[in-house]
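File shown here: model30.cif, holding mmCIF, C-alpha atoms and all ligand atoms.
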```cif
data_structure
#
loop_
_atom_site.label_atom_id
_atom_site.label_comp_id
_atom_site.auth_asym_id
_atom_site.auth_seq_id
_atom_site.Cartn_x
_atom_site.Cartn_y
_atom_site.Cartn_z
CA MET A 16 5.03 -23.19 -0.03
CA THR A 17 6.17 -19.65 -0.62
CA GLN A 18 4.55 -17.20 1.76
CA TYR A 19 3.87 -13.81 0.24
CA GLU A 20 3.53 -10.44 1.86
CA VAL A 21 0.45 -8.81 0.37
CA PHE A 22 -0.37 -5.12 0.18
CA ALA A 23 -3.28 -2.98 -1.01
CA ILE A 24 -2.42 0.44 -2.40
CA ARG A 25 -5.30 2.95 -2.43
CA TYR A 26 -4.65 5.37 -5.26
CA GLY A 27 -8.06 6.88 -6.10
CA THR A 28 -11.52 7.57 -4.80
CA ARG A 29 -14.94 8.74 -5.88
CA ALA A 30 -17.98 9.93 -3.96
CA GLY A 31 -20.97 7.64 -4.38
CA ARG A 32 -24.24 6.53 -2.82
CA TYR A 33 -24.79 3.40 -0.77
CA LYS A 34 -27.71 2.32 -2.93
CA ASP A 35 -25.42 2.25 -5.97
CA ARG A 36 -23.64 -0.77 -4.55
CA PHE A 37 -26.54 -3.06 -5.43
CA LEU A 38 -28.45 -4.11 -8.48
CA GLY A 39 -31.93 -2.74 -7.81
CA GLY A 40 -30.62 -0.18 -5.30
CA ASP A 41 -31.25 -0.18 -1.57
CA ALA A 42 -33.89 1.42 0.65
CA HIS A 43 -31.13 2.70 2.92
CA ASP A 44 -29.34 5.46 1.12
CA GLY A 45 -26.54 7.74 2.10
CA PRO A 46 -23.11 8.82 0.95
CA SER A 47 -20.57 6.08 0.43
CA SER A 48 -17.30 6.37 -1.40
CA VAL A 49 -15.73 4.01 -3.88
CA ASP A 50 -11.98 3.48 -3.47
CA TYR A 51 -9.57 2.38 -6.18
CA PHE A 52 -6.77 -0.06 -5.44
CA VAL A 53 -3.90 -1.98 -6.90
CA TRP A 54 -2.36 -4.90 -5.02
CA VAL A 55 1.15 -6.28 -4.65
CA ALA A 56 2.32 -9.74 -3.53
CA VAL A 57 5.97 -9.98 -2.54
CA GLY A 58 7.50 -13.47 -2.26
CA ASN A 59 11.05 -14.63 -1.60
CA ASP A 60 12.07 -14.57 -5.21
CA LYS A 61 9.02 -13.26 -7.03
CA THR A 62 6.91 -10.13 -6.88
CA PHE A 63 3.50 -9.94 -8.47
CA VAL A 64 1.64 -6.75 -9.26
CA ILE A 65 -2.11 -7.26 -9.40
CA ASP A 66 -3.78 -4.62 -11.56
CA THR A 67 -2.25 -1.37 -12.70
CA GLY A 68 -4.95 1.24 -11.96
CA PHE A 69 -6.25 4.14 -13.98
CA THR A 70 -4.09 6.85 -15.51
CA ALA A 71 -4.13 10.60 -14.76
CA GLU A 72 -5.85 11.09 -18.14
CA ASP A 73 -8.57 8.57 -17.22
CA ALA A 74 -9.13 10.39 -13.93
CA VAL A 75 -9.85 13.65 -15.75
CA ALA A 76 -11.94 12.06 -18.50
CA ARG A 77 -14.09 10.05 -16.07
CA LYS A 78 -14.11 12.54 -13.19
CA ARG A 79 -12.42 10.26 -10.69
CA THR A 80 -10.11 11.54 -7.98
CA MET A 81 -6.58 10.26 -8.44
CA LEU A 82 -4.94 10.54 -5.03
CA ARG A 83 -1.52 9.42 -6.22
CA CYS A 84 0.06 7.47 -9.03
CA PRO A 85 -0.39 3.79 -8.14
CA ILE A 86 2.81 2.78 -9.92
CA ASP A 87 5.02 5.46 -8.33
CA THR A 88 3.55 4.53 -4.93
CA MET A 89 4.95 0.99 -5.33
CA LYS A 90 8.41 2.51 -4.73
CA GLU A 91 7.36 2.79 -1.06
CA LEU A 92 7.49 -1.02 -1.05
CA GLY A 93 10.82 -1.08 -2.85
CA ILE A 94 9.22 -2.05 -6.15
CA LYS A 95 10.47 -0.52 -9.38
CA ALA A 96 8.04 -1.03 -12.24
CA GLU A 97 10.77 -1.79 -14.78
CA ASN A 98 11.95 -4.73 -12.65
CA VAL A 99 8.54 -6.37 -12.33
CA THR A 100 8.28 -9.59 -14.36
CA ASP A 101 4.64 -10.57 -13.74
CA VAL A 102 1.52 -8.44 -13.69
CA VAL A 103 -1.93 -9.96 -13.24
CA LEU A 104 -4.76 -8.02 -14.87
CA THR A 105 -7.90 -9.15 -13.05
CA HIS A 106 -9.91 -7.69 -15.94
CA LEU A 107 -9.40 -5.00 -18.53
CA HIS A 108 -11.59 -2.17 -17.22
CA TYR A 109 -9.89 1.25 -17.35
CA ASP A 110 -9.42 1.38 -13.57
CA HIS A 111 -7.64 -1.98 -13.42
CA ALA A 112 -5.58 -2.04 -16.61
CA GLY A 113 -4.59 1.56 -17.28
CA ASN A 114 -0.85 1.75 -16.65
CA PHE A 115 0.53 -1.49 -18.04
CA ALA A 116 2.90 0.47 -20.29
CA ARG A 117 4.83 1.32 -17.12
CA PHE A 118 5.85 -2.38 -16.88
CA PRO A 119 7.93 -2.89 -20.04
CA ASN A 120 9.50 -6.14 -18.81
CA ALA A 121 6.44 -7.84 -17.41
CA THR A 122 4.33 -10.70 -18.70
CA LEU A 123 0.68 -9.72 -18.36
CA HIS A 124 -1.58 -12.51 -17.08
CA LEU A 125 -5.25 -12.47 -18.03
CA GLN A 126 -8.11 -14.81 -18.84
CA ASP A 127 -8.86 -15.93 -22.40
CA LYS A 128 -12.46 -14.92 -21.88
CA GLU A 129 -11.59 -11.36 -20.86
CA MET A 130 -9.61 -10.73 -24.04
CA GLU A 131 -12.37 -12.28 -26.15
CA PHE A 132 -14.93 -10.09 -24.40
CA ALA A 133 -12.93 -6.86 -24.72
CA THR A 134 -12.30 -7.42 -28.44
CA GLY A 135 -15.59 -9.07 -29.36
CA ARG A 136 -19.16 -8.35 -30.33
CA PHE A 137 -20.38 -7.04 -26.98
CA MET A 138 -18.13 -3.98 -27.20
CA GLN A 139 -20.59 -2.73 -29.84
CA SER A 140 -23.00 -2.07 -26.98
CA SER A 141 -22.31 1.02 -24.92
CA ILE A 142 -23.20 -0.66 -21.62
CA PRO A 143 -20.59 -3.44 -21.50
CA ALA A 144 -18.12 -1.23 -23.38
CA ALA A 145 -18.38 1.73 -21.01
CA ALA A 146 -15.64 0.76 -18.58
CA TYR A 147 -13.14 -0.31 -21.24
CA ASP A 148 -10.64 2.13 -22.74
CA VAL A 149 -10.33 1.30 -26.42
CA ASP A 150 -6.73 2.52 -26.53
CA ASP A 151 -5.77 0.14 -23.71
CA ILE A 152 -7.42 -2.76 -25.51
CA ALA A 153 -5.80 -1.90 -28.86
CA GLU A 154 -2.39 -1.74 -27.19
CA LEU A 155 -2.98 -5.11 -25.50
CA VAL A 156 -3.68 -6.59 -28.94
CA ARG A 157 -0.29 -5.27 -30.04
CA LEU A 158 1.40 -6.68 -26.94
CA ASN A 159 -0.17 -10.03 -27.68
CA PHE A 160 1.50 -10.07 -31.09
CA SER A 161 4.83 -9.48 -29.35
CA GLY A 162 4.27 -12.34 -26.91
CA ARG A 163 3.79 -10.26 -23.77
CA LEU A 164 0.43 -11.73 -22.73
CA ARG A 165 -0.05 -15.01 -20.88
CA PHE A 166 -3.56 -16.37 -21.14
CA HIS A 167 -5.29 -18.52 -18.55
CA ASP A 168 -8.50 -20.46 -18.98
CA GLY A 169 -10.16 -20.87 -15.60
CA ALA A 170 -7.97 -21.71 -12.61
CA ALA A 171 -4.18 -21.71 -12.95
CA GLU A 172 -1.15 -21.80 -10.69
CA ILE A 173 1.26 -19.09 -11.79
CA ALA A 174 3.74 -19.88 -9.03
CA PRO A 175 3.63 -22.01 -5.88
CA GLY A 176 1.29 -20.15 -3.51
CA PHE A 177 -0.11 -17.92 -6.23
CA THR A 178 -3.16 -18.91 -8.30
CA VAL A 179 -5.74 -17.16 -10.48
CA HIS A 180 -9.39 -18.16 -10.90
CA ARG A 181 -11.84 -17.03 -13.56
CA MET A 182 -15.01 -15.75 -11.93
CA GLY A 183 -17.01 -13.99 -14.65
CA GLY A 184 -20.09 -12.01 -13.74
CA HIS A 185 -18.92 -8.40 -13.62
CA THR A 186 -17.17 -8.98 -16.97
CA ALA A 187 -16.91 -12.21 -18.97
CA GLY A 188 -13.36 -12.88 -17.82
CA VAL A 189 -12.79 -11.17 -14.49
CA GLN A 190 -10.48 -13.31 -12.35
CA CYS A 191 -9.57 -13.30 -8.68
CA VAL A 192 -6.15 -14.05 -7.21
CA ARG A 193 -5.44 -16.42 -4.33
CA VAL A 194 -2.13 -15.91 -2.61
CA TYR A 195 -0.56 -17.87 0.24
CA THR A 196 0.51 -15.85 3.28
CA ARG A 197 1.49 -16.29 6.91
CA ARG A 198 -2.25 -16.32 7.74
CA GLY A 199 -3.17 -18.80 5.04
CA TRP A 200 -4.69 -18.15 1.64
CA VAL A 201 -5.81 -14.57 1.02
CA VAL A 202 -8.21 -14.03 -1.87
CA LEU A 203 -7.98 -10.76 -3.77
CA ALA A 204 -11.49 -10.64 -5.19
CA SER A 205 -10.94 -7.51 -7.28
CA ASP A 206 -14.23 -6.84 -9.07
CA SER A 207 -15.66 -10.30 -8.53
CA SER A 208 -16.94 -8.50 -5.40
CA HIS A 209 -16.67 -4.71 -5.30
CA PHE A 210 -17.71 -4.40 -1.63
CA TYR A 211 -17.96 -6.68 1.41
CA ASP A 212 -21.76 -6.25 1.21
CA ASN A 213 -21.90 -7.86 -2.22
CA PHE A 214 -20.42 -11.25 -1.42
CA ILE A 215 -21.37 -11.43 2.28
CA ASN A 216 -25.04 -10.65 1.66
CA TYR A 217 -25.10 -12.31 -1.76
CA ARG A 218 -26.31 -9.10 -3.38
CA PRO A 219 -25.11 -8.43 -6.92
CA TYR A 220 -23.29 -5.28 -7.99
CA PRO A 221 -25.10 -3.27 -10.72
CA THR A 222 -22.34 -3.49 -13.34
CA VAL A 223 -22.96 -7.05 -14.39
CA PHE A 224 -22.53 -9.02 -17.58
CA ASP A 225 -23.66 -12.40 -16.30
CA LEU A 226 -25.73 -12.39 -13.13
CA ALA A 227 -25.53 -16.14 -12.56
CA GLU A 228 -21.73 -16.07 -12.74
CA MET A 229 -21.58 -13.07 -10.42
CA LEU A 230 -23.67 -14.83 -7.77
CA ASN A 231 -21.80 -18.12 -8.21
CA GLY A 232 -18.60 -16.10 -7.90
CA TYR A 233 -19.58 -14.97 -4.41
CA SER A 234 -19.84 -18.63 -3.45
CA THR A 235 -16.52 -19.42 -5.11
CA LEU A 236 -14.79 -16.65 -3.15
CA ARG A 237 -15.97 -18.26 0.07
CA GLN A 238 -14.76 -21.67 -1.10
CA LEU A 239 -11.32 -20.30 -1.92
CA ALA A 240 -10.88 -18.58 1.45
CA ALA A 241 -10.82 -20.04 4.96
CA THR A 242 -12.92 -17.19 6.37
CA ILE A 243 -14.71 -14.08 5.14
CA ASP A 244 -11.80 -12.08 6.56
CA HIS A 245 -9.50 -13.73 4.04
CA ILE A 246 -11.42 -12.15 1.13
CA ILE A 247 -10.48 -8.65 -0.02
CA PRO A 248 -13.14 -6.85 -2.10
CA GLY A 249 -12.10 -4.68 -5.01
CA HIS A 250 -13.37 -1.21 -4.16
CA ASP A 251 -14.40 -1.15 -0.49
CA PRO A 252 -13.12 1.77 1.64
CA LEU A 253 -13.42 -0.56 4.69
CA VAL A 254 -10.22 -2.32 3.61
CA MET A 255 -8.21 0.72 4.71
CA ASN A 256 -9.86 0.62 8.17
CA LYS A 257 -9.56 -3.11 8.70
CA TYR A 258 -5.87 -3.59 7.93
CA PRO A 259 -2.79 -1.93 9.39
CA PRO A 260 -0.82 0.61 7.37
CA VAL A 261 2.74 -0.31 6.44
CA SER A 262 3.96 2.86 8.15
CA ARG A 263 2.65 6.03 9.73
CA ALA A 264 3.49 7.96 6.58
CA MET A 265 1.49 5.51 4.45
CA GLU A 266 -1.67 5.60 6.56
CA GLY A 267 -4.68 5.57 4.26
CA VAL A 268 -2.40 4.65 1.35
CA ILE A 269 -0.84 1.18 1.82
CA VAL A 270 -2.10 -1.54 4.15
CA ARG A 271 -0.88 -5.09 4.80
CA LEU A 272 -3.29 -7.85 3.92
CA ASP A 273 -1.17 -10.81 5.01
CA VAL A 274 -1.91 -10.10 8.69
CA GLN A 275 -5.22 -10.49 10.54
CA PRO A 276 -7.58 -7.55 10.21
CA THR A 277 -7.68 -5.29 13.25
CA SER A 278 -11.45 -4.80 13.09
ZN ZN B 1 -14.45 -3.46 -13.19
#
```
Let me see whether you can do it: turn the structure in this file into structure tokens.
Amino acid sequence: MTQYEVFAIRYGTRAGRYKDRFLGGDAHDGPSSVDYFVWVAVGNDKTFVIDTGFTAEDAVARKRTMLRCPIDTMKELGIKAENVTDVVLTHLHYDHAGNFARFPNATLHLQDKEMEFATGRFMQSSIPAAAYDVDDIAELVRLNFSGRLRFHDGAAEIAPGFTVHRMGGHTAGVQCVRVYTRRGWVVLASDSSHFYDNFINYRPYPTVFDLAEMLNGYSTLRQLAATIDHIIPGHDPLVMNKYPPVSRAMEGVIVRLDVQPTS
């Protein structure tokens, strides 16, 4: 089976509170930041981009700190956006699906349920709609008419050693990615678990559409991965501490996920 090299690129951050990680809060409070990532899986003959991050305009509008352009940063890994043929959108929230226009030659992989959700009745409610950018969604509808979207319904193998799995919970169609590496299967949870604390302690994140699916998703993540250390949460600053940077210059920016964590 193809072994992929897998990287996390940290492109944004936001100051937050520890209690905001959990539905119902937490008695222990203190500052805790939220990091924003995109991920890349590089195989022998195929490169996958997993999520495209928020745009500079989103950062201003939503008061997030954009540390660097996630797409330009991929050049550090030798990846040119115009050459990428496959992009997985784990879900369509603004911070995961903001820059897809930078990939004019890519097929965009997403779950049926996520597109239904982002274009359906629940977007009439400000709570589930809040993290979607209507212009992104409208453009994805256009791209669908031109055949650029590839829909998946549940689990699917996109290539040998690279599968997607619908999780639900955070949104109706959020999916995780499981990718085969030199250390076995690595599971990119994206927002099926924002932080390690969510899935390890089985404590739901506050932005939730379906609580049962979110909790079941934490179990599914563990089933898909050999160990907890093979699961990569979607927004946890710990990821940057646990994995080695690709180079001195990229410390705090790009880490390797296909090697064992160092802590
Ligand atoms: Zn999200």
Would you compute an axis-aligned box for range 38-55 of chain A, covering every atom listed for it in the file with 8 Å of margin on each side, and report centre and edge lengths in Å to one decimal as JSON?
```
{"center_x": -16.4, "center_y": 1.3, "center_z": -2.8, "size_x": 51.0, "size_y": 31.1, "size_z": 27.4}
```
Q.
Applying 12 Å and all atoms listed in the file, which residues near range 93-97 of chain A remain after dropping the ones on its own chain fewer than 4 positions away? List them as a list in words.
A. Phe22, Trp54, Val55, Ala56, Val57, Lys61, Thr62, Phe63, Val64, Thr67, Pro85, Ile86, Asp87, Thr88, Met89, Asp101, Val102, Asn114, Phe115, Ala116, Arg117, Phe118, Pro119, Asn120, Ala121 and Thr122 of chain A
Q: Please identify every polymer residue within 9 Å of ligand ZN 1 (chain B), using all atoms listed in the file, and present the set as a ChimeraX atom specification.
A: /A:105-111,146-147,185-186,189,205-207,209,222,249
Q: One decimal, Å: what's the distance from CA of Phe224 in chain A over to CA of Met130 in chain A, could you say?
A: 14.5 Å
Q: List the neighbours of Tyr195 in chain A out to 10 Å using all atoms listed in the file; skip same-chain residues closer than 4 positions along the sequence, and give me the result as a PyMOL selection string.
A: chain A and resi 16-21+56+58+175-178+199-202+273
Q: Skip His167 in chain A itself and residues of its chain fewer than 2 positions away, then list as a ChimeraX atom specification all residues within 8 Å of it, counting all atoms listed in the file.
A: /A:124-127,165,169-171
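Of the listed residues A:Pro260, A:Pro143, A:Gly45, A:Gly184, the one whose atoms come nearest to Asn231 in chain A is A:Gly184, with distances taken using all atoms listed in the file.
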Q. Can you list, as an NGL selection string, every protein, DNA or RNA residue that comes within 12 Å of Met265 in chain A when you count all atoms listed in the file, leaving out same-chain residues fewer than 6 positions away?
A. :A and (22-26 or 83 or 88-92 or 255 or 259 or 271)
**Q.** Length of the CA of Asp60 in chain A to CA of Ala174 in chain A vector [Å]
**A.**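 If I compute the distance from CA of Asp60 in chain A to CA of Ala174 in chain A, I get 10.6 Å.
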Q: Would you work out the distance separating CA of Gln139 in chain A from CA of Ala153 in chain A, expressed in Å to one decimal?
A: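 Between these atoms lies a distance of 14.8 Å.
The nearest approach to Tyr211 in chain A among the residues A:Ala227, A:Val75, A:Met182, A:Leu253, with all atoms listed in the file taken into account, belongs to A:Leu253.
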